[in-house]
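Asks: Handing over coords_26.cif, mmCIF, C-alpha atoms.
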data_input
#
loop_
_atom_site.label_atom_id
_atom_site.label_comp_id
_atom_site.auth_asym_id
_atom_site.auth_seq_id
_atom_site.Cartn_x
_atom_site.Cartn_y
_atom_site.Cartn_z
CA TYR A 1 11.11 13.55 -13.23
CA VAL A 2 11.06 9.79 -13.80
CA SER A 3 9.23 10.20 -17.11
CA SER A 4 11.69 12.88 -18.25
CA GLN A 5 14.56 10.56 -17.41
CA GLU A 6 12.88 7.64 -19.18
CA LEU A 7 12.17 9.67 -22.34
CA GLY A 8 15.43 11.63 -22.24
CA ARG A 9 13.73 15.02 -22.51
CA ALA A 10 11.49 17.47 -20.70
CA VAL A 11 7.83 16.44 -20.72
CA SER A 12 4.53 18.11 -19.93
CA ALA A 13 2.66 17.04 -16.79
CA GLU A 14 0.11 15.16 -18.91
CA GLU A 15 2.80 13.32 -20.88
CA GLY A 16 4.72 12.60 -17.69
CA ILE A 17 1.68 11.04 -16.04
CA SER A 18 0.96 8.91 -19.10
CA CYS A 19 4.57 7.72 -19.39
CA PHE A 20 4.78 6.95 -15.67
CA ALA A 21 1.51 4.99 -15.79
CA ASP A 22 2.94 2.96 -18.68
CA LEU A 23 5.98 2.17 -16.52
CA MET A 24 3.65 1.19 -13.66
CA ASN A 25 1.73 -1.17 -15.95
CA GLU A 26 4.95 -2.77 -17.24
CA LYS A 27 6.22 -3.38 -13.70
CA ALA A 28 2.85 -4.69 -12.50
CA LYS A 29 2.74 -7.24 -15.32
CA GLU A 30 6.37 -8.22 -14.68
CA LEU A 31 5.45 -8.95 -11.04
CA GLY A 32 2.41 -11.02 -12.02
CA ALA A 33 -0.24 -8.38 -11.24
CA ARG A 34 -2.29 -9.22 -14.32
CA GLU A 35 -5.69 -7.80 -13.31
CA SER A 36 -4.53 -4.19 -12.97
CA HIS A 37 -4.33 -1.23 -15.32
CA PHE A 38 -3.03 2.15 -14.17
CA VAL A 39 -3.59 5.49 -15.90
CA ASN A 40 -2.14 7.75 -13.19
CA PRO A 41 0.26 7.48 -10.24
CA HIS A 42 -2.06 9.11 -7.68
CA GLY A 43 -4.91 6.60 -7.78
CA LEU A 44 -7.74 9.06 -8.24
CA HIS A 45 -10.76 7.66 -10.07
CA ASP A 46 -10.62 6.97 -13.76
CA PRO A 47 -12.78 4.32 -15.47
CA ASP A 48 -9.66 2.81 -17.06
CA HIS A 49 -7.73 2.70 -13.76
CA TYR A 50 -8.34 -0.53 -11.83
CA THR A 51 -6.72 -3.22 -9.74
CA THR A 52 -7.53 -6.14 -7.43
CA ALA A 53 -6.72 -6.92 -3.83
CA TYR A 54 -4.50 -9.79 -4.98
CA ASP A 55 -2.55 -7.58 -7.40
CA LEU A 56 -2.07 -4.92 -4.72
CA ALA A 57 -0.69 -7.59 -2.39
CA ILE A 58 1.77 -8.74 -5.07
CA ILE A 59 2.90 -5.15 -5.67
CA ALA A 60 3.18 -4.44 -1.92
CA LYS A 61 5.23 -7.58 -1.35
CA GLU A 62 7.73 -6.41 -3.96
CA ALA A 63 7.75 -2.82 -2.68
CA ARG A 64 8.60 -4.01 0.83
CA LYS A 65 11.90 -5.37 -0.52
CA ASN A 66 13.04 -1.74 -0.89
CA LYS A 67 14.60 -0.66 2.43
CA LEU A 68 13.77 3.04 2.03
CA PHE A 69 10.14 2.31 1.10
CA LYS A 70 9.84 -0.05 4.07
CA GLN A 71 11.22 2.63 6.40
CA ILE A 72 8.97 5.40 5.07
CA VAL A 73 5.69 3.45 5.21
CA SER A 74 6.37 2.29 8.77
CA GLU A 75 6.98 5.77 10.21
CA THR A 76 4.21 7.19 12.37
CA GLU A 77 5.30 10.74 11.62
CA ARG A 78 8.10 12.70 9.98
CA SER A 79 9.16 16.30 10.52
CA VAL A 80 10.75 18.14 7.61
CA THR A 81 12.56 21.45 7.91
CA ALA A 82 12.93 23.81 4.95
CA GLY A 83 14.64 27.05 5.83
CA GLN A 84 13.14 28.13 9.13
CA GLU A 85 9.86 26.28 8.66
CA THR A 86 9.27 22.80 10.05
CA GLN A 87 6.28 20.76 8.99
CA THR A 88 5.25 17.47 10.55
CA PHE A 89 3.50 14.83 8.49
CA VAL A 90 1.47 12.22 10.38
CA ASN A 91 0.89 8.81 8.83
CA ARG A 92 -2.88 8.20 8.47
CA ASN A 93 -2.45 4.45 8.96
CA LYS A 94 -4.16 4.00 12.33
CA LEU A 95 -2.69 0.50 12.69
CA LEU A 96 0.70 2.20 13.25
CA GLN A 97 -0.44 4.80 15.79
CA ASN A 98 0.05 3.34 19.30
CA THR A 99 -2.31 5.97 20.75
CA ASP A 100 -5.18 4.95 18.44
CA GLU A 101 -7.76 2.28 19.31
CA ASN A 102 -7.00 0.66 15.94
CA TYR A 103 -3.30 0.18 16.71
CA TYR A 104 -2.06 -3.26 15.69
CA ASP A 105 0.99 -4.80 17.34
CA GLY A 106 3.58 -5.50 14.67
CA ALA A 107 2.02 -3.22 12.03
CA ASN A 108 4.64 -1.72 9.74
CA GLY A 109 2.85 -0.16 6.75
CA ILE A 110 1.76 0.35 3.99
CA LYS A 111 -0.83 2.64 2.32
CA THR A 112 -4.21 4.14 3.11
CA GLY A 113 -6.54 5.44 0.45
CA TYR A 114 -9.96 6.92 -0.13
CA THR A 115 -12.00 8.05 -3.08
CA GLU A 116 -15.77 8.35 -3.31
CA MET A 117 -15.88 5.54 -5.90
CA ALA A 118 -13.45 3.18 -4.13
CA GLY A 119 -14.42 3.90 -0.53
CA TYR A 120 -11.82 3.41 2.18
CA CYS A 121 -8.94 1.18 1.14
CA LEU A 122 -5.87 -0.09 2.93
CA VAL A 123 -2.83 -2.14 2.07
CA ALA A 124 -1.58 -3.14 5.52
CA SER A 125 1.45 -5.10 6.59
CA ALA A 126 2.59 -6.54 9.90
CA SER A 127 5.42 -8.70 11.18
CA ARG A 128 5.55 -10.96 14.20
CA GLN A 129 8.46 -13.28 14.88
CA SER A 130 9.39 -14.60 11.43
CA ALA A 131 5.96 -14.04 9.85
CA ASN A 132 5.47 -11.10 7.46
CA LEU A 133 1.90 -10.54 6.28
CA ILE A 134 0.11 -8.23 3.87
CA ALA A 135 -3.64 -7.61 4.08
CA VAL A 136 -5.62 -5.69 1.46
CA VAL A 137 -9.01 -4.13 2.19
CA LEU A 138 -10.95 -2.47 -0.62
CA HIS A 139 -14.22 -0.54 -0.75
CA SER A 140 -14.73 -0.39 3.00
CA THR A 141 -15.98 2.23 5.44
CA SER A 142 -14.01 4.69 7.56
CA THR A 143 -14.21 2.37 10.58
CA GLY A 144 -14.61 -0.98 8.84
CA VAL A 145 -11.31 -0.69 7.00
CA TRP A 146 -9.36 -0.95 10.29
CA TYR A 147 -11.49 -3.81 11.63
CA ASP A 148 -11.18 -5.72 8.36
CA ALA A 149 -7.40 -5.27 8.24
CA ARG A 150 -6.95 -6.42 11.85
CA THR A 151 -9.22 -9.41 11.18
CA LEU A 152 -7.20 -10.44 8.11
CA LEU A 153 -3.88 -10.02 9.90
CA ASN A 154 -5.12 -11.97 12.93
CA TYR A 155 -6.30 -14.75 10.62
CA GLY A 156 -2.95 -14.82 8.83
CA PHE A 157 -0.94 -15.00 12.03
CA ALA A 158 -3.26 -17.72 13.40
CA MET A 159 -2.85 -19.73 10.17
CA ASP A 160 0.91 -19.34 10.33
CA LYS A 161 0.90 -20.93 13.79
CA ALA A 162 -1.60 -23.63 12.77
CA ILE A 163 0.37 -24.87 9.76
CA PRO A 164 3.89 -25.90 10.81
CA GLY A 165 6.51 -25.01 8.23
CA SER A 166 4.17 -22.71 6.30
CA PRO A 167 5.96 -19.40 5.78
CA ALA A 168 3.44 -16.61 6.32
CA GLU A 169 4.93 -14.42 3.62
CA LYS A 170 3.53 -16.85 1.04
CA ASN A 171 -0.02 -16.52 2.43
CA ILE A 172 -1.82 -13.52 0.96
CA ALA A 173 -5.17 -12.74 2.52
CA SER A 174 -7.55 -10.29 0.91
CA ILE A 175 -11.08 -9.05 1.42
CA ARG A 176 -13.36 -7.03 -0.79
#
Write out the structure in this file as structure tokens.

Replies:
Amino acid sequence: YVSSQELGRAVSAEEGISCFADLMNEKAKELGARESHFVNPHGLHDPDHYTTAYDLAIIAKEARKNKLFKQIVSETERSVTAGQETQTFVNRNKLLQNTDENYYDGANGIKTGYTEMAGYCLVASASRQSANLIAVVLHSTSTGVWYDARTLLNYGFAMDKAIPGSPAEKNIASIR
């Protein structure tokens, strides 16, 4: 849809993906994410599709400025009714699930991911008092990704307390 609107005409799926990836690359560069190149919007493996933890943090920081995005990524689940059918979608971000051992107080997003090539990945965010942090974990394991994210967030919140006047939203922590 976005590609059709951008080009002013109907497009094939292949052309739509290519156009949308071009838009993603433009926006990434505009934000300062200079070590990324996208060829699709879904993130499945492609040798020409790459990014860094730092670039993902930059992109996530900008995305969190959008109120609807912020609301969606922080929801633990959402039920959708179409006709007489209701389907419930559960957020796979275990940091958000207060019944999971990986729950993290203050967690409010953002995106989980997995491919065989990339391993388990997570762009996590959390807020406590006036501190808003983003942690990026790439190429981890199914259990390590949650530990790594909690460790990064704990470090960020500890640093925020240790450095008076240092706004946490300017501190981006990442691990690979």

Asks: Residues within 7 Å of range 1-3 of chain A, please, as a PyMOL selection string. Count only C-alpha atoms; anything in the same chain fewer than 6 positions from it doesn't count.

Replies: chain A and resi 16+19-20

Asks: Assuming the chain letters and numbering stay as they are in my file, what does the PyMOL selection byres ((chain A and resi 110) around 7) actually select? List them as a list in words.

Replies: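 This file gives the following for the PyMOL selection byres ((chain A and resi 110) around 7): Val73, Ser74, Asn108, Gly109, Lys111, Val123, Ala124 and Ser125 of chain A.
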
Asks: Once the PyMOL selection byres ((chain A and resi 137) around 8) has been evaluated on this model, what residues remain selected, and can you format them as a list in words?

Replies: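 With the PyMOL selection byres ((chain A and resi 137) around 8) on this model, the match is Ala53, Cys121, Leu122, Val123, Ala135, Val136, Leu138, His139, Ser140, Val145, Asp148, Ala149, Ser174, Ile175 and Arg176 of chain A.
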
Asks: Counting all atoms listed in the file, what is within 7 Å of range 91-96 of chain A, bar same-chain residues fewer than 6 positions away, as number ranges by chain?

Replies: A: 75-77, 102-104, 107-108, 112

Asks: For the provided coordinates, the residues matched by the PyMOL selection byres ((chain A and resi 78) around 7) should be stated as a PyMOL selection string.

Replies: chain A and resi 77+79-80+88-90

Asks: For Ser4 in chain A, find every residue with an atom within 12 Å (counting all atoms listed in the file), except residues of its own chain fewer than 4 positions away, and show them as a PyMOL selection string.

Replies: chain A and resi 8-20

Asks: One number please: CA of Glu116 in chain A to CA of His45 in chain A, in Å, one decimal.

Replies: 8.4 Å

Asks: May I ask which of the residues A:Trp146, A:Ala33, A:Phe38, A:Asn132 is the closest one to Lys65 in chain A, counting all atoms listed in the file?

Replies: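 For Lys65 in chain A, the nearest of the candidates is A:Asn132.
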
Asks: Mind giving me the straight-line distance from CA of Glu6 in chain A to CA of Leu23 in chain A in Å, one decimal?

Replies: 9.2 Å

Asks: Using all atoms listed in the file, which of the listed residues (A:Leu7, A:Ile134, A:Ala82, A:Ala21) sits closest to Asp55 in chain A?

Replies: A:Ile134

Asks: So what do you get for CA of Ala60 in chain A versus CA of Leu31 in chain A, distance-wise?

Replies: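 Computed distance, CA of Ala60 in chain A to CA of Leu31 in chain A, equals 10.4 Å.
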
Asks: My list of candidates is A:Leu44, A:Ala126, A:Tyr114, A:Met159. Which is closest to Lys70 in chain A when distances are computed with only C-alpha atoms?

Replies: A:Ala126

Asks: Mind checking which residues fall within 9 Å of Lys61 in chain A, counting all atoms listed in the file, ignoring those fewer than 3 positions away in the same chain, and posting them as a list of chain:residue names?

Replies: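 In the requested form, the answer reads A:Leu56, A:Ala57, A:Ile58, A:Arg64, A:Lys65, A:Leu133, A:Ile134, A:Glu169.
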